[in-house]
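Peer 1: I am sharing protein-v2.cif, which consists of mmCIF, C-alpha atoms:
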```cif
data_data
loop_
_atom_site.label_atom_id
_atom_site.label_comp_id
_atom_site.auth_asym_id
_atom_site.auth_seq_id
_atom_site.Cartn_x
_atom_site.Cartn_y
_atom_site.Cartn_z
CA MET A 1 -68.76 -4.50 62.10
CA ASP A 2 -66.62 -6.74 59.92
CA ARG A 3 -63.43 -5.47 58.24
CA PHE A 4 -65.04 -5.85 54.81
CA ASN A 5 -68.00 -3.67 55.83
CA LEU A 6 -65.64 -1.18 57.48
CA ALA A 7 -63.62 -0.94 54.25
CA GLY A 8 -66.89 -0.26 52.42
CA LEU A 9 -67.75 2.55 54.85
CA CYS A 10 -64.29 4.11 54.36
CA ILE A 11 -64.60 3.91 50.54
CA ALA A 12 -68.09 5.44 50.62
CA LEU A 13 -67.00 8.32 52.89
CA SER A 14 -63.87 8.96 50.79
CA GLY A 15 -66.05 9.00 47.67
CA LEU A 16 -68.44 11.47 49.31
CA VAL A 17 -65.60 13.88 50.18
CA PHE A 18 -63.91 13.41 46.79
CA SER A 19 -67.08 13.99 44.73
CA THR A 20 -68.09 17.06 46.79
CA LEU A 21 -64.64 18.65 46.39
CA SER A 22 -64.45 17.72 42.68
CA TYR A 23 -67.84 19.26 42.00
CA THR A 24 -67.53 22.43 44.10
CA ILE A 25 -63.83 23.34 43.85
CA LEU A 26 -62.55 21.67 40.65
CA ALA A 27 -65.91 21.70 38.79
CA ASN A 28 -64.78 18.50 37.09
CA ILE A 29 -67.63 16.14 36.14
CA PRO A 30 -65.57 12.94 35.41
CA LEU A 31 -63.81 13.25 38.79
CA THR A 32 -67.19 13.84 40.49
CA ALA A 33 -68.43 10.68 38.75
CA VAL A 34 -65.42 8.76 40.13
CA GLY A 35 -66.42 9.90 43.63
CA ILE A 36 -70.05 8.85 43.08
CA SER A 37 -68.94 5.41 41.86
CA ALA A 38 -66.87 5.07 45.05
CA ILE A 39 -69.98 5.94 47.11
CA ILE A 40 -72.03 3.26 45.29
CA VAL A 41 -69.38 0.51 45.54
CA GLY A 42 -68.54 1.41 49.18
CA SER A 43 -72.21 1.41 50.21
CA SER A 44 -72.69 -1.93 48.45
CA MET A 45 -69.77 -3.39 50.42
CA LEU A 46 -71.20 -1.88 53.62
CA ILE A 47 -74.55 -3.71 53.27
CA THR A 48 -73.06 -7.04 52.14
CA PRO A 49 -73.15 -9.67 54.91
CA VAL A 50 -69.91 -11.59 55.45
CA ASN A 51 -69.71 -15.31 56.22
CA PRO A 52 -66.89 -15.89 58.72
CA VAL A 53 -67.18 -19.69 58.38
CA THR A 54 -66.39 -21.32 55.03
CA PRO A 55 -69.14 -23.33 53.25
CA ARG A 56 -66.92 -26.44 53.39
CA ALA A 57 -66.74 -26.20 57.21
CA VAL A 58 -70.51 -25.73 57.51
CA ARG A 59 -71.09 -28.69 55.16
CA GLY A 60 -68.73 -30.84 57.22
CA LEU A 61 -70.52 -29.96 60.45
CA LEU A 62 -73.92 -30.74 58.95
CA GLU A 63 -72.72 -34.07 57.54
CA GLU A 64 -71.22 -35.06 60.91
CA SER A 65 -74.46 -34.06 62.62
CA LEU A 66 -76.45 -36.29 60.25
CA ALA A 67 -73.97 -39.15 60.82
CA SER A 68 -74.50 -38.86 64.59
CA ILE A 69 -78.26 -39.00 64.12
CA GLU A 70 -77.79 -42.12 61.97
CA PHE A 71 -76.20 -43.93 64.93
CA ILE A 72 -79.22 -43.08 67.11
CA LEU A 73 -81.63 -44.27 64.43
CA GLU A 74 -79.67 -47.52 64.02
CA TRP A 75 -79.61 -48.05 67.77
CA LEU A 76 -83.40 -47.55 68.06
CA SER A 77 -84.17 -49.41 64.78
CA VAL A 78 -86.31 -46.51 63.56
CA GLU A 79 -87.59 -46.55 59.97
CA SER A 80 -90.69 -44.32 59.98
CA ARG A 81 -90.86 -41.05 58.05
CA GLY A 82 -90.04 -38.01 60.20
CA TYR A 83 -92.07 -34.81 60.57
CA TYR A 84 -90.25 -31.49 60.65
CA MET A 85 -91.99 -29.13 63.08
CA VAL A 86 -91.27 -25.75 64.68
CA CYS A 87 -91.35 -25.49 68.47
CA SER A 88 -92.60 -22.53 70.48
CA ASP A 89 -88.97 -21.33 70.81
CA ARG A 90 -88.58 -21.43 66.97
CA ARG A 91 -86.25 -24.45 67.07
CA ILE A 92 -87.00 -27.12 64.48
CA TYR A 93 -87.38 -30.73 65.59
CA VAL A 94 -87.86 -33.91 63.61
CA TYR A 95 -90.53 -36.07 65.23
CA ILE A 96 -90.21 -39.70 64.20
CA PRO A 97 -93.13 -41.97 65.16
CA LEU A 98 -91.96 -45.11 66.98
CA SER A 99 -95.55 -46.35 67.01
CA GLY A 100 -98.46 -45.17 64.89
CA SER A 101 -98.16 -42.48 62.23
CA GLY A 102 -98.88 -38.80 61.61
CA PRO A 103 -97.35 -35.71 63.23
CA PRO A 104 -97.72 -35.17 67.01
CA SER A 105 -99.76 -32.30 68.44
CA VAL A 106 -97.14 -30.76 70.73
CA ASP A 107 -95.54 -27.31 71.03
CA LYS A 108 -92.27 -28.66 72.39
CA PRO A 109 -90.87 -32.20 72.85
CA ARG A 110 -91.18 -33.52 76.38
CA GLY A 111 -87.96 -35.50 76.23
CA PHE A 112 -85.96 -37.54 73.74
CA ILE A 113 -88.74 -40.14 73.52
CA PHE A 114 -92.24 -39.09 74.55
CA ASP A 115 -95.88 -40.17 74.30
CA ASN A 116 -98.51 -38.13 72.52
CA GLY A 117 -102.09 -39.22 71.82
CA GLY A 118 -101.33 -42.84 72.63
CA TYR A 119 -98.34 -42.97 70.28
CA THR A 120 -94.62 -42.78 70.98
CA TYR A 121 -92.35 -40.33 69.19
CA LEU A 122 -88.63 -39.78 68.96
CA ALA A 123 -87.65 -36.06 68.94
CA ILE A 124 -84.38 -35.02 67.28
CA PRO A 125 -83.31 -31.40 66.66
CA SER A 126 -83.01 -30.80 62.92
CA PRO A 127 -79.36 -30.45 61.78
CA ALA A 128 -80.35 -27.12 60.15
CA SER A 129 -82.19 -25.77 63.20
CA SER A 130 -79.50 -23.49 64.63
CA LEU A 131 -78.45 -22.25 61.18
CA LEU A 132 -82.01 -21.35 60.21
CA SER A 133 -82.42 -19.29 63.37
CA LEU A 134 -79.68 -17.00 61.96
CA GLU A 135 -81.62 -16.55 58.74
CA SER A 136 -85.05 -15.39 59.85
CA MET A 137 -85.70 -12.90 57.05
CA GLY A 138 -87.03 -13.29 53.52
CA SER A 139 -89.14 -15.83 51.70
CA VAL A 140 -88.86 -19.63 51.79
CA GLU A 141 -86.99 -19.61 48.48
CA SER A 142 -84.41 -17.04 49.62
CA MET A 143 -83.97 -18.86 52.95
CA ILE A 144 -83.32 -22.23 51.24
CA GLU A 145 -81.05 -20.65 48.62
CA TYR A 146 -79.01 -18.88 51.28
CA MET A 147 -78.67 -21.99 53.44
CA LEU A 148 -77.85 -24.45 50.64
CA ILE A 149 -75.80 -22.32 48.23
CA ASP A 150 -74.17 -19.48 50.19
CA LEU A 151 -73.81 -20.89 53.69
CA ALA A 152 -73.22 -24.62 53.21
CA GLY A 153 -72.36 -24.83 49.49
CA LEU A 154 -74.42 -28.02 49.21
CA CYS A 155 -75.60 -27.47 45.63
CA GLU A 156 -75.23 -25.09 42.68
CA SER A 157 -78.82 -23.90 42.41
CA VAL A 158 -82.29 -24.63 43.77
CA SER A 159 -85.72 -24.36 42.19
CA ILE A 160 -88.91 -24.65 44.23
CA VAL A 161 -92.46 -25.23 42.99
CA GLU A 162 -95.43 -25.22 45.37
CA SER A 163 -98.72 -26.86 44.44
CA CYS A 164 -101.63 -27.98 46.67
CA GLY A 165 -99.54 -28.14 49.86
CA ARG A 166 -96.70 -30.02 48.16
CA TYR A 167 -93.31 -28.51 47.46
CA THR A 168 -91.17 -29.94 44.68
CA VAL A 169 -87.58 -28.89 45.33
CA GLU A 170 -84.88 -29.51 42.73
CA PHE A 171 -81.22 -29.30 43.79
CA ARG A 172 -78.72 -29.03 40.92
CA ASN A 173 -75.37 -30.78 41.43
CA PRO A 174 -75.87 -31.79 45.08
CA ARG A 175 -72.56 -32.21 46.91
CA SER A 176 -73.66 -34.28 49.89
CA PRO A 177 -73.69 -38.05 49.39
CA LYS A 178 -77.10 -39.65 49.01
CA PRO A 179 -77.99 -41.06 52.42
CA SER A 180 -78.60 -44.73 52.80
CA GLY A 181 -80.54 -46.89 55.19
CA ARG A 182 -82.51 -45.37 58.01
CA VAL A 183 -81.47 -41.74 57.45
CA ALA A 184 -82.85 -41.85 53.89
CA LYS A 185 -86.13 -43.27 55.19
CA THR A 186 -86.56 -40.94 58.19
CA LEU A 187 -84.76 -37.63 57.59
CA GLY A 188 -83.83 -37.62 53.90
CA SER A 189 -80.68 -36.12 52.41
CA LEU A 190 -79.00 -33.06 53.91
CA GLU A 191 -80.39 -30.83 51.13
CA ALA A 192 -83.95 -32.10 51.63
CA CYS A 193 -83.54 -31.87 55.40
CA ILE A 194 -82.62 -28.16 55.15
CA ALA A 195 -85.44 -27.47 52.69
CA ALA A 196 -87.99 -29.24 54.92
CA SER A 197 -86.74 -27.33 58.00
CA ALA A 198 -86.99 -23.99 56.15
CA ILE A 199 -90.52 -24.75 54.90
CA ALA A 200 -91.58 -25.86 58.40
CA LEU A 201 -90.19 -22.60 59.82
CA ALA A 202 -91.87 -20.47 57.16
CA THR A 203 -95.28 -22.16 57.22
CA GLY A 204 -95.35 -23.13 60.93
CA ARG A 205 -96.83 -26.51 59.95
CA PRO A 206 -95.47 -30.09 59.95
CA VAL A 207 -93.49 -31.06 56.86
CA SER A 208 -92.39 -34.50 55.74
CA ILE A 209 -90.26 -35.68 52.83
CA VAL A 210 -92.48 -37.84 50.62
CA SER A 211 -89.89 -38.92 48.07
CA GLU A 212 -86.36 -38.15 46.94
CA ASP A 213 -84.65 -39.18 43.70
CA ASP A 214 -81.35 -38.48 41.96
CA VAL A 215 -81.76 -37.86 38.20
CA ASP A 216 -78.94 -36.63 35.88
CA GLY A 217 -76.98 -34.66 38.45
CA ARG A 218 -80.15 -33.32 40.05
CA ARG A 219 -81.80 -34.33 43.30
CA ILE A 220 -85.58 -33.91 43.31
CA ALA A 221 -87.38 -33.97 46.65
CA ILE A 222 -91.14 -33.81 47.17
CA LEU A 223 -92.14 -32.32 50.51
CA GLU A 224 -95.63 -32.41 51.95
CA VAL A 225 -97.01 -29.77 54.29
CA TYR A 226 -99.64 -31.03 56.75
CA SER A 227 -102.49 -28.85 58.00
CA MET B 1 -66.68 -17.52 44.61
CA ASP B 2 -69.40 -16.08 46.82
CA ARG B 3 -71.98 -14.31 44.61
CA SER B 4 -72.14 -11.23 46.88
CA LEU B 5 -68.37 -10.80 46.61
CA ALA B 6 -68.54 -11.36 42.84
CA PHE B 7 -71.27 -8.70 42.65
CA ASN B 8 -69.08 -6.12 44.40
CA ILE B 9 -66.04 -6.94 42.25
CA VAL B 10 -67.95 -6.75 38.94
CA LEU B 11 -69.75 -3.56 40.03
CA ALA B 12 -66.44 -1.91 40.96
CA ILE B 13 -64.91 -2.89 37.58
CA LEU B 14 -67.93 -1.66 35.59
CA THR B 15 -68.20 1.70 37.40
CA THR B 16 -64.45 2.22 37.14
CA ILE B 17 -64.32 1.65 33.36
CA THR B 18 -67.43 3.79 32.80
CA VAL B 19 -65.61 7.04 33.72
CA PRO B 20 -62.69 6.84 31.21
CA ILE B 21 -65.02 5.60 28.45
CA LEU B 22 -67.54 8.44 28.88
CA SER B 23 -64.78 10.95 29.51
CA ALA B 24 -63.05 9.88 26.28
CA LEU B 25 -66.34 10.52 24.49
CA HIS B 26 -66.26 14.10 25.90
CA GLU B 27 -69.32 13.47 28.03
CA TYR B 28 -69.60 16.14 30.75
CA ARG B 29 -73.19 15.63 31.93
CA LEU B 30 -73.27 14.16 35.43
CA ASP B 31 -76.74 12.65 34.90
CA VAL B 32 -75.36 10.43 32.11
CA TYR B 33 -72.77 8.99 34.50
CA ILE B 34 -75.40 8.42 37.20
CA SER B 35 -77.75 6.77 34.68
CA MET B 36 -74.96 4.43 33.60
CA TYR B 37 -74.19 3.57 37.25
CA THR B 38 -77.88 2.81 37.83
CA LEU B 39 -77.98 0.56 34.78
CA GLU B 40 -74.81 -1.27 35.83
CA TYR B 41 -76.06 -1.69 39.41
CA TYR B 42 -79.35 -3.22 38.31
CA LEU B 43 -77.58 -5.41 35.75
CA CYS B 44 -75.26 -6.81 38.43
CA LEU B 45 -78.20 -7.15 40.82
CA ALA B 46 -80.10 -9.28 38.28
CA LEU B 47 -77.05 -11.39 37.42
CA PHE B 48 -75.65 -12.12 40.88
CA LYS B 49 -78.61 -11.66 43.27
CA PRO B 50 -76.31 -10.61 46.15
CA ARG B 51 -77.18 -11.05 49.83
CA ARG B 52 -77.98 -7.89 51.78
CA ILE B 53 -78.01 -7.12 55.51
CA LEU B 54 -81.30 -5.25 55.01
CA ARG B 55 -84.45 -6.75 53.49
CA LEU B 56 -84.71 -3.87 50.98
CA ASP B 57 -81.68 -2.77 48.98
CA PRO B 58 -81.38 0.97 49.82
CA ILE B 59 -78.81 1.66 47.07
CA ALA B 60 -81.13 0.25 44.39
CA VAL B 61 -84.01 2.37 45.72
CA ILE B 62 -81.90 5.57 45.84
CA LEU B 63 -80.44 4.98 42.37
CA LEU B 64 -83.89 4.33 40.91
CA ALA B 65 -85.25 7.50 42.57
CA VAL B 66 -82.35 9.60 41.23
CA PHE B 67 -82.73 8.00 37.77
CA SER B 68 -86.48 8.81 37.79
CA ILE B 69 -85.74 12.45 38.70
CA ILE B 70 -83.18 12.64 35.88
CA VAL B 71 -85.72 11.22 33.39
CA VAL B 72 -88.39 13.72 34.54
CA LEU B 73 -85.95 16.63 34.20
CA ARG B 74 -84.90 15.47 30.72
CA VAL B 75 -88.55 15.17 29.64
CA MET B 76 -89.16 18.69 30.98
CA GLU B 77 -86.15 19.86 28.97
CA VAL B 78 -87.65 18.39 25.79
CA LEU B 79 -90.92 20.14 26.58
CA GLY B 80 -89.10 23.47 26.94
CA TYR B 81 -88.59 23.73 30.71
CA ALA B 82 -84.79 23.30 30.78
CA ILE B 83 -83.29 22.69 34.23
CA LEU B 84 -80.33 20.38 33.48
CA TYR B 85 -77.58 21.48 31.09
#
```
Using the file provided, produce a representation of the structure as structure tokens.

Peer 2:
Amino acid sequence: MDRFNLAGLCIALSGLVFSTLSYTILANIPLTAVGISAIIVGSSMLITPVNPVTPRAVRGLLEESLASIEFILEWLSVESRGYYMVCSDRRIYVYIPLSGSGPPSVDKPRGFIFDNGGYTYLAIPSPASSLLSLESMGSVESMIEYMLIDLAGLCESVSIVESCGRYTVEFRNPRSPKPSGRVAKTLGSLEACIAASAIALATGRPVSIVSEDDVDGRRIAILEVYS
Amino acid sequence: MDRSLAFNIVLAILTTITVPILSALHEYRLDVYISMYTLEYYLCLALFKPRRILRLDPIAVILLAVFSIIVVLRVMEVLGYAILY
């Protein structure tokens, strides 16, 4: 238990003792109310999760991870659109076709570069894969909001609209630089990458980033879910 | 600032100032204090949308249940079955 949660437990217990004594011995309603307020605030602190790593550090790690992937993509001269898919062990991989198109039909990548159905694919773990495994509860919206706003501080707010297997995700004031070159074509920006990984995890189906544009301090990404 | 932390700070401030305000108005009914706490909790919940360890917020559920009981008892009082004073 974190120190913040422990402090909440202490405040709640103190409030419980204080309100009981105030009500039974002193018969004082305002003091009893003070004790009840301590119980509420202490309990709220007790059930609040604490992030030990700062959003700036998480953002830095994610940006470095994407920069490392960029070197690999440059080295292999890859330009095809990637497919975000969940493996049998709930890790998220980006499958980038080196020949052909469409998502592969595999449960787990059989190596860095592998053949599937006559086509060759490059398999890269999604930069958000390990972070998303920590956040396995809630809806797609809450998962994306938590990852982008609370954990990594990548944008101010997110709005998601789903229609006919397409998700339109709008990131307000994105803080990561817009990717250029091969990363933009294959993986998309860090915000879109996290959103695609979360949707792939939630739906269990391949997801690709169809388009991504920056308009008036907003980044709008359109993600397609394949059946 | 993290929204969960902001939620706890604002909630603590609101509940703390509620007691002297109601006390200054010579309010000695405990259910009024609890109703105000419930209102403040839900207001902060709607404004900050804090993160929770559990999927369901147990404090919100308990406060709503207590608030519902208080409302039922007050309605009974109006109808002539006084339980709360």

Peer 1: Around all of segment 181-194 of chain A's listed atoms, make the axis-aligned box with 4 Å on each side and tell me centre and edge lengths in Å to one decimal, as JSON.

Peer 2:
```
{"center_x": -82.8, "center_y": -37.5, "center_z": 54.7, "size_x": 15.6, "size_y": 26.7, "size_z": 15.1}
```

Peer 1: Report as a PyMOL selection string the full result of the PyMOL selection byres ((chain A) within 10 of (chain B)) when it is applied to this structure.

Peer 2: chain A and resi 23+28-34+36-51+55+137-138+142+146+149-151+153

Peer 1: Give me the result of the PyMOL selection byres ((chain A and resi 89-96) around 8) on this file, residue by residue, as number ranges by chain.

Peer 2: A: 78, 80-88, 97-98, 103-104, 121-126, 128-130, 133, 186-187, 197, 200-201

Peer 1: Quick one, how far is atom CA of Val169 of chain A from atom CA of Leu223 of chain A?

Peer 2: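 Going from atom CA of Val169 of chain A over to atom CA of Leu223 of chain A covers 7.7 Å.
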
Peer 1: Can you work out the spacing between atom CA of Ala67 of chain A and atom CA of Ala184 of chain A in Å, to one decimal?

Peer 2: 11.6 Å

Peer 1: In Å, how far is it from atom CA of Ala192 of chain A to atom CA of Pro174 of chain A?

Peer 2: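 Straight-line distance from atom CA of Ala192 of chain A to atom CA of Pro174 of chain A works out to 10.4 Å.
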
Peer 1: Taking the file as I've supplied it (selection: the PyMOL selection byres ((chain A and resi 105) around 10)), which residues are included? Please answer as a VMD selection string.

Peer 2: chain A and resid 85 102 to 104 106 to 109 116 to 117 206

Peer 1: Considering all atoms listed in the file, return as a PDB file with C-alpha atoms, keeping the file's coordinate frame whatever protein or nucleic-acid residues lie within 12 Å of Val71 of chain B, sequence-local ones (same chain, fewer than 4 positions apart) excluded.

Peer 2:
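Contents of out-v5.pdb, freshly written:
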```pdb
ATOM      1  CA  ASP B  31     -76.740  12.650  34.900  1.00  0.00           C
ATOM      2  CA  VAL B  32     -75.360  10.430  32.110  1.00  0.00           C
ATOM      3  CA  ILE B  34     -75.400   8.420  37.200  1.00  0.00           C
ATOM      4  CA  SER B  35     -77.750   6.770  34.680  1.00  0.00           C
ATOM      5  CA  LEU B  64     -83.890   4.330  40.910  1.00  0.00           C
ATOM      6  CA  ALA B  65     -85.250   7.500  42.570  1.00  0.00           C
ATOM      7  CA  VAL B  66     -82.350   9.600  41.230  1.00  0.00           C
ATOM      8  CA  PHE B  67     -82.730   8.000  37.770  1.00  0.00           C
ATOM      9  CA  VAL B  75     -88.550  15.170  29.640  1.00  0.00           C
ATOM     10  CA  MET B  76     -89.160  18.690  30.980  1.00  0.00           C
ATOM     11  CA  GLU B  77     -86.150  19.860  28.970  1.00  0.00           C
ATOM     12  CA  VAL B  78     -87.650  18.390  25.790  1.00  0.00           C
ATOM     13  CA  ILE B  83     -83.290  22.690  34.230  1.00  0.00           C
ATOM     14  CA  LEU B  84     -80.330  20.380  33.480  1.00  0.00           C
TER      15      LEU B  84
END
```

Peer 1: Using all atoms listed in the file, which residue out of A:Ser163, A:Ser189, A:Thr24, A:Ser176 lies closest to Arg59 of chain A?

Peer 2: A:Ser176

Peer 1: Quick one: residues within 9 Å of Asn173 of chain A, all atoms listed in the file counted, chain neighbours fewer than 4 positions away excluded, as a CSV table (one decimal) with C-alpha atoms, in the frame of the given file?

Peer 2:
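And here's around.csv as it stands now:
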```csv
chain,number,residue,atom,x,y,z
A,154,LEU,CA,-74.4,-28.0,49.2
A,155,CYS,CA,-75.6,-27.5,45.6
A,156,GLU,CA,-75.2,-25.1,42.7
A,157,SER,CA,-78.8,-23.9,42.4
A,216,ASP,CA,-78.9,-36.6,35.9
A,217,GLY,CA,-77.0,-34.7,38.4
A,218,ARG,CA,-80.2,-33.3,40.0
A,219,ARG,CA,-81.8,-34.3,43.3
```

Peer 1: Pick out the closest residue to Val183 of chain A from this set: A:Leu9, A:Ile69, A:Ala198, A:Ala27. Count only C-alpha atoms.

Peer 2: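 So, comparing all the options, the nearest one is A:Ile69.
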
Peer 1: Counting only C-alpha atoms, what is within 12 Å of Ile160 of chain A, bar same-chain residues fewer than 4 positions away, as a list of chain:residue names?

Peer 2: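 Non-adjacent residues within range: A:Ser139, A:Val140, A:Glu141, A:Ser142, A:Met143, A:Ile144, A:Glu145, A:Arg166, A:Tyr167, A:Thr168, A:Val169, A:Glu170, A:Phe171, A:Arg172, A:Ala192, A:Ala195, A:Ala196, A:Ile199, A:Ile220, A:Ala221, A:Ile222, A:Leu223.
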
Peer 1: Pick from A:Pro179, A:Gly15, A:Gly100, A:Pro127: nearest to Ile194 of chain A, with only C-alpha atoms counted?

Peer 2: A:Pro127
